[in-house]
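Student: Take a look at this one; I'll ask things after.
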Amino acid sequence: MKLVLVFLLFLKFGFLCIGGGYMLVPLYVDEFVEKRQWISHEEFGDLMAITQITPGPIGINGATFLGYRAAGVPGAIVASAALLMPSF
């Protein structure tokens with residue numbers, strides 16, 4: 001059930017991501033830090049530091065990490081795929 005929620009959230013973010021990955025930062029904070037409390041503000045700061053130094057787009061790196069925190073490796077795969085789906 002949690003995988004379905006992760007898929008739907010990141011699919012929504014994929015549709016809203018016009019203007020680049022940094023546009024996703026406030027959406028991630030609102031959804032995962034404040035509403036669902038899956039990670040703390042400190043962990044989100046660490047996430048931002050890691051996504052900026054890791055090769056690849058910040059939105060995908062963030063989706064992979066948040067999906068992993070929510071549902072392990074399957075969550076990371078589902079979150080990354082769902083974020084990219086609207087682009088295709």
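In the structure tokens, chains take the letters A, B, ... in the order shown, each chain's residues start at 1, and ligands count up from 1 in the order shown.
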Which parts of chain A does DSSP call helix (DSSP H, G or I) when run on the backbone here, written out as a PyMOL selection string?
Tutor: chain A and resi 2-16+21-35+41-53+58-87
Student: Which residues, written as a ChimeraX atom specification, have at least one atom at most 7 Å from region 60-68 of chain A, with only C-alpha atoms counted and residues fewer than 2 positions away on the same chain left out?
Tutor: /A:6,47,51,56-58,70-73,75-77,79-80
Student: Just write the chosen residues, C-alpha atoms, as a PDB file, in the first residue's frame.
Tutor:
ATOM      1  CA  VAL A   6       4.847   6.713  -3.120  1.00  0.00           C
ATOM      2  CA  LEU A  47      19.243  15.163   1.717  1.00  0.00           C
ATOM      3  CA  THR A  51      21.551  15.461  -3.858  1.00  0.00           C
ATOM      4  CA  GLY A  56      22.419  13.526 -11.711  1.00  0.00           C
ATOM      5  CA  PRO A  57      19.393  15.768 -11.466  1.00  0.00           C
ATOM      6  CA  ILE A  58      18.468  16.967  -7.986  1.00  0.00           C
ATOM      7  CA  ALA A  70       9.477   5.408   2.623  1.00  0.00           C
ATOM      8  CA  ALA A  71       9.596   1.842   1.254  1.00  0.00           C
ATOM      9  CA  GLY A  72      13.173   0.606   0.856  1.00  0.00           C
ATOM     10  CA  VAL A  73      14.698  -0.312  -2.508  1.00  0.00           C
ATOM     11  CA  GLY A  75      10.249   2.557  -3.009  1.00  0.00           C
ATOM     12  CA  ALA A  76      13.366   4.141  -4.500  1.00  0.00           C
ATOM     13  CA  ILE A  77      12.701   2.504  -7.867  1.00  0.00           C
ATOM     14  CA  ALA A  79       9.604   7.009  -6.808  1.00  0.00           C
ATOM     15  CA  SER A  80      12.255   7.584  -9.485  1.00  0.00           C
TER      16      SER A  80
END
Student: Out of A:Ser87, A:Val25, A:Val78, A:Ile50, which residue has the shortest atom-to-atom distance to Leu8 (chain A) when counting only C-alpha atoms?
Tutor: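 Closest to Leu8 (chain A), using only C-alpha atoms: A:Val78.
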Student: What gap, in Å, lies between CA of Gly59 (chain A) and CA of Leu24 (chain A)?
Tutor: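 Between CA of Gly59 (chain A) and CA of Leu24 (chain A) the gap is 6.5 Å.
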Student: Counting only C-alpha atoms, which of A:Pro55, A:Val33, A:Arg69, A:Tyr28 gets nearest to Leu16 (chain A)?
Tutor: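 Among the listed residues, the smallest separation from Leu16 (chain A) belongs to A:Tyr28.
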